[in-house]
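A.B. asks: Following this message is one structure expressed as structure tokens.
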Amino acid sequence: MKIIILEDEKLSADRLNMLLKETDPHIRVVATLENVAQSIDHFCRSGMRADLLLANVHLAGASPFELFKKLNITIPVIFIAPDDRFAFDAFQFLCIDYLLTPVTPESLTKALEKFRLIRSSPGASLPGRPIFKSRFLGRIGQRSFFIHTTDIAMITASNRIVHLVGMDRTKYLVDHTLDELEQELEPSAFFRINRSAIIHARAIEQVKPFINHRLRLTLKCPLQTEEVIVSRDRVHDFKKWADF
């Protein structure tokens, strides 16, 4: 089992690592992250390459809930907290368990057993929010590729042909309509900016006013090859989505 620890106190992170190894020597901690910004960078670069996330709800700067709101985190999580104040918020996400500190070997073992049981049960679904797609099958010519949603910068449609566009501008043809994709993607990460485009938050560099009460988006390099416009009827919702 591959696990990521999100903990800003080194002693606590080291103790969790030790408890995990004592609980199951086959567990491998693939990353220890200290804050939300570092976590966003990690997941954008490496994708969701872990089975489980252990996250402290009290982090310097921002809570891990912000991470789940900004990205389509599809990894189940065990939250760790000094009290139960944030338990309700925790179970709005893919929460397996909510452990109080100090974490004991017994409580951690039970949480891991719960995760294994849920994962191994046929047809079982993890608790929390609705499950959105984490990957799509795209084509370049005769070749097919799995594209993880965290690797998608934007989605474009033209003459009923839909492409997933990666951060490196690679385009993959997909057999979905834009309307279908809009329903299948994590809404906190993706936004339908007009009739022919859906954008991922991490692809946006700047947002500027544009004529006729629209907005113009500057995308991160090497994506920026043309103007990307938020249509007037979507500006209000875009501002709410972008928190400005």
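Residue numbering restarts at 1 in every chain; chains get A, B, ... in the order shown in the structure tokens, and ligands count up from 1 in that same order.
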Within segment 35-240 of chain A, find each residue whose DSSP state, derived from the backbone, is helix (DSSP H, G or I), and express the selection as a ChimeraX atom specification.

C.D. replies: /A:36-46,64-70,87-90,105-120,149-151,178-184,201-203,211-213,232-240

A.B. asks: Counting only C-alpha atoms, which residues of segment 48-78 of chain A fall within 12 Å of segment 146-153 of chain A, and what is the closest atom pair for each with its distance in Å at one decimal, ordered by chain and rising number, as a Markdown table?

C.D. replies:
```
| residue | atom | partner | partner_atom | distance |
| --- | --- | --- | --- | --- |
| A:Met48 | CA | A:Thr150 | CA | 8.2 |
| A:Arg49 | CA | A:His148 | CA | 10.7 |
| A:Lys70 | CA | A:Thr150 | CA | 10.9 |
| A:Leu71 | CA | A:Thr150 | CA | 7.6 |
| A:Asn72 | CA | A:Thr150 | CA | 7.1 |
| A:Ile73 | CA | A:Thr150 | CA | 8.8 |
| A:Thr74 | CA | A:Thr149 | CA | 10.1 |
```

A.B. asks: Within 9 Å of Ile198 of chain A, counting only C-alpha atoms, which residues show up once you throw out same-chain ones fewer than 4 positions away? Write them as a ChimeraX atom specification, please.

C.D. replies: /A:153-156,178,181-182,190-194

A.B. asks: Pick out the closest residue to Gln206 of chain A from this set: A:His163, A:His42, A:Lys220, A:Arg139. Count only C-alpha atoms.

C.D. replies: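 Answer, going by the shortest atom-to-atom distance: A:Lys220.
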
A.B. asks: Pick the closest to Phe88 of chain A from A:Phe65, A:Glu113, A:Asp8, A:Thr170: which is it, counting only C-alpha atoms?

C.D. replies: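 Among A:Phe65, A:Glu113, A:Asp8, A:Thr170, it is A:Phe65 that comes nearest to Phe88 of chain A.
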
A.B. asks: Between atom CA of Glu106 of chain A and atom CA of Ala87 of chain A, measure the distance and give it in Å to one decimal.

C.D. replies: 19.5 Å

A.B. asks: In Å to one decimal, how far is atom CA of Ile80 of chain A from atom CA of Arg45 of chain A?

C.D. replies: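 Computing the Euclidean distance for atom CA of Arg45 of chain A and atom CA of Ile80 of chain A yields 25.2 Å.
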
A.B. asks: To one decimal place in Å, what is the distance between atom CA of Asp168 of chain A and atom CA of Ser134 of chain A?

C.D. replies: 19.1 Å

A.B. asks: If you run DSSP over the backbone, which residues in segment 86-204 of chain A end up strand (DSSP E or B)? Put them as a VMD selection string.

C.D. replies: chain A and resid 95 to 100 135 to 140 143 to 148 152 to 158 161 to 166 171 to 174 190 to 194 197 to 200 204

A.B. asks: Leu53 of chain A: which residues within 10 Å, counting only C-alpha atoms, same-chain residues fewer than 3 positions away excluded, as a list in words?

C.D. replies: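 Within the cut-off, the hits are Lys2, Ile3, Ile4, Ile5, Leu6, Val29, Ala31, Thr32, Ala50, Asn56, Ile73, Thr74, Ile75, Pro76, Val77, Ile78, Phe79, Leu94, Cys95 and Ile96 of chain A.
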
A.B. asks: Next, the residues of the selection above should be written as an mmCIF file, in the first residue's frame with C-alpha atoms.

C.D. replies:
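Result written to result-v7.cif:
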```
data_model
loop_
_atom_site.group_PDB
_atom_site.id
_atom_site.type_symbol
_atom_site.label_atom_id
_atom_site.label_comp_id
_atom_site.auth_asym_id
_atom_site.auth_seq_id
_atom_site.Cartn_x
_atom_site.Cartn_y
_atom_site.Cartn_z
ATOM 1 C CA LYS A 2 1.331 3.431 -0.979
ATOM 2 C CA ILE A 3 0.573 6.269 1.435
ATOM 3 C CA ILE A 4 1.138 10.041 1.399
ATOM 4 C CA ILE A 5 1.437 11.922 4.688
ATOM 5 C CA LEU A 6 0.347 15.565 4.898
ATOM 6 C CA VAL A 29 5.202 6.183 2.445
ATOM 7 C CA ALA A 31 5.749 11.341 0.019
ATOM 8 C CA THR A 32 5.623 13.512 3.137
ATOM 9 C CA ALA A 50 -0.908 6.613 -3.907
ATOM 10 C CA ASN A 56 -3.596 16.682 9.636
ATOM 11 C CA ILE A 73 -8.181 14.518 -5.251
ATOM 12 C CA THR A 74 -9.347 10.957 -5.827
ATOM 13 C CA ILE A 75 -7.236 9.403 -3.073
ATOM 14 C CA PRO A 76 -9.208 8.372 0.050
ATOM 15 C CA VAL A 77 -8.031 10.165 3.186
ATOM 16 C CA ILE A 78 -7.735 9.554 6.908
ATOM 17 C CA PHE A 79 -7.915 12.908 8.685
ATOM 18 C CA LEU A 94 -13.304 10.986 0.514
ATOM 19 C CA CYS A 95 -12.835 10.439 4.232
ATOM 20 C CA ILE A 96 -12.236 6.911 5.492
#
```

A.B. asks: Ranking A:Gly138, A:Cys44, A:Lys133, A:Leu67 by minimum distance to Glu180 of chain A and counting only C-alpha atoms, which one comes first?

C.D. replies: A:Lys133

A.B. asks: Would you mind listing what lies within 12 Å of Ile211 of chain A as an MDAnalysis selection string, with only C-alpha atoms counted and same-chain residues fewer than 3 positions away left out?

C.D. replies: chainID A and resid 208 214:216 229:232

A.B. asks: For N, CA and C atoms, I'd like the residues from the last selection saved as an mmCIF file, in the first residue's frame.

C.D. replies:
```
data_model
loop_
_atom_site.group_PDB
_atom_site.id
_atom_site.type_symbol
_atom_site.label_atom_id
_atom_site.label_comp_id
_atom_site.auth_asym_id
_atom_site.auth_seq_id
_atom_site.Cartn_x
_atom_site.Cartn_y
_atom_site.Cartn_z
ATOM 1 N N LYS A 208 -8.164 38.910 -16.921
ATOM 2 C CA LYS A 208 -8.237 40.335 -17.231
ATOM 3 C C LYS A 208 -9.621 40.697 -17.780
ATOM 4 N N ARG A 214 -16.916 40.729 -20.704
ATOM 5 C CA ARG A 214 -16.343 39.382 -20.671
ATOM 6 C C ARG A 214 -14.987 39.416 -19.951
ATOM 7 N N LEU A 215 -14.376 38.248 -19.831
ATOM 8 C CA LEU A 215 -13.053 38.144 -19.225
ATOM 9 C C LEU A 215 -12.104 37.445 -20.192
ATOM 10 N N ARG A 216 -10.852 37.871 -20.176
ATOM 11 C CA ARG A 216 -9.838 37.233 -21.006
ATOM 12 C C ARG A 216 -8.844 36.522 -20.095
ATOM 13 N N ILE A 229 -11.468 33.224 -23.841
ATOM 14 C CA ILE A 229 -12.450 34.187 -23.338
ATOM 15 C C ILE A 229 -13.528 33.499 -22.509
ATOM 16 N N VAL A 230 -13.837 34.108 -21.356
ATOM 17 C CA VAL A 230 -14.987 33.686 -20.564
ATOM 18 C C VAL A 230 -16.197 34.448 -21.079
ATOM 19 N N SER A 231 -17.203 33.733 -21.569
ATOM 20 C CA SER A 231 -18.371 34.390 -22.149
ATOM 21 C C SER A 231 -19.126 35.204 -21.102
ATOM 22 N N ARG A 232 -19.837 36.214 -21.551
ATOM 23 C CA ARG A 232 -20.492 37.151 -20.644
ATOM 24 C C ARG A 232 -21.475 36.455 -19.702
#
```

A.B. asks: Which residues are near Val36 of chain A? Cut-off 8 Å, only C-alpha atoms, ignore same chain within fewer than 5 positions. Put them as a list in words.

C.D. replies: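 My list of contacting residues is Gly61, Ala62, Ser63, Pro64, Glu66 and Leu67 of chain A.
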
A.B. asks: Write the selection just made, keeping C-alpha atoms, as a JSON list (two decimals), in the first residue's frame?

C.D. replies:
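Final output, saved to selection_22.json:
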```
[["chain", "number", "residue", "atom", "x", "y", "z"],
["A", 61, "GLY", "CA", -1.33, 28.55, 6.18],
["A", 62, "ALA", "CA", -4.34, 26.53, 5.04],
["A", 63, "SER", "CA", -6.23, 23.38, 5.94],
["A", 64, "PRO", "CA", -6.06, 20.26, 3.74],
["A", 66, "GLU", "CA", -8.43, 23.63, 0.58],
["A", 67, "LEU", "CA", -6.44, 20.99, -1.30]]
```

A.B. asks: Quick one: everything within 10 Å of Gln224 of chain A, counting only C-alpha atoms, minus sequence neighbours fewer than 3 positions away in the same chain. Send it as a PyMOL selection string.

C.D. replies: chain A and resi 169+203-205+217-221+227-228
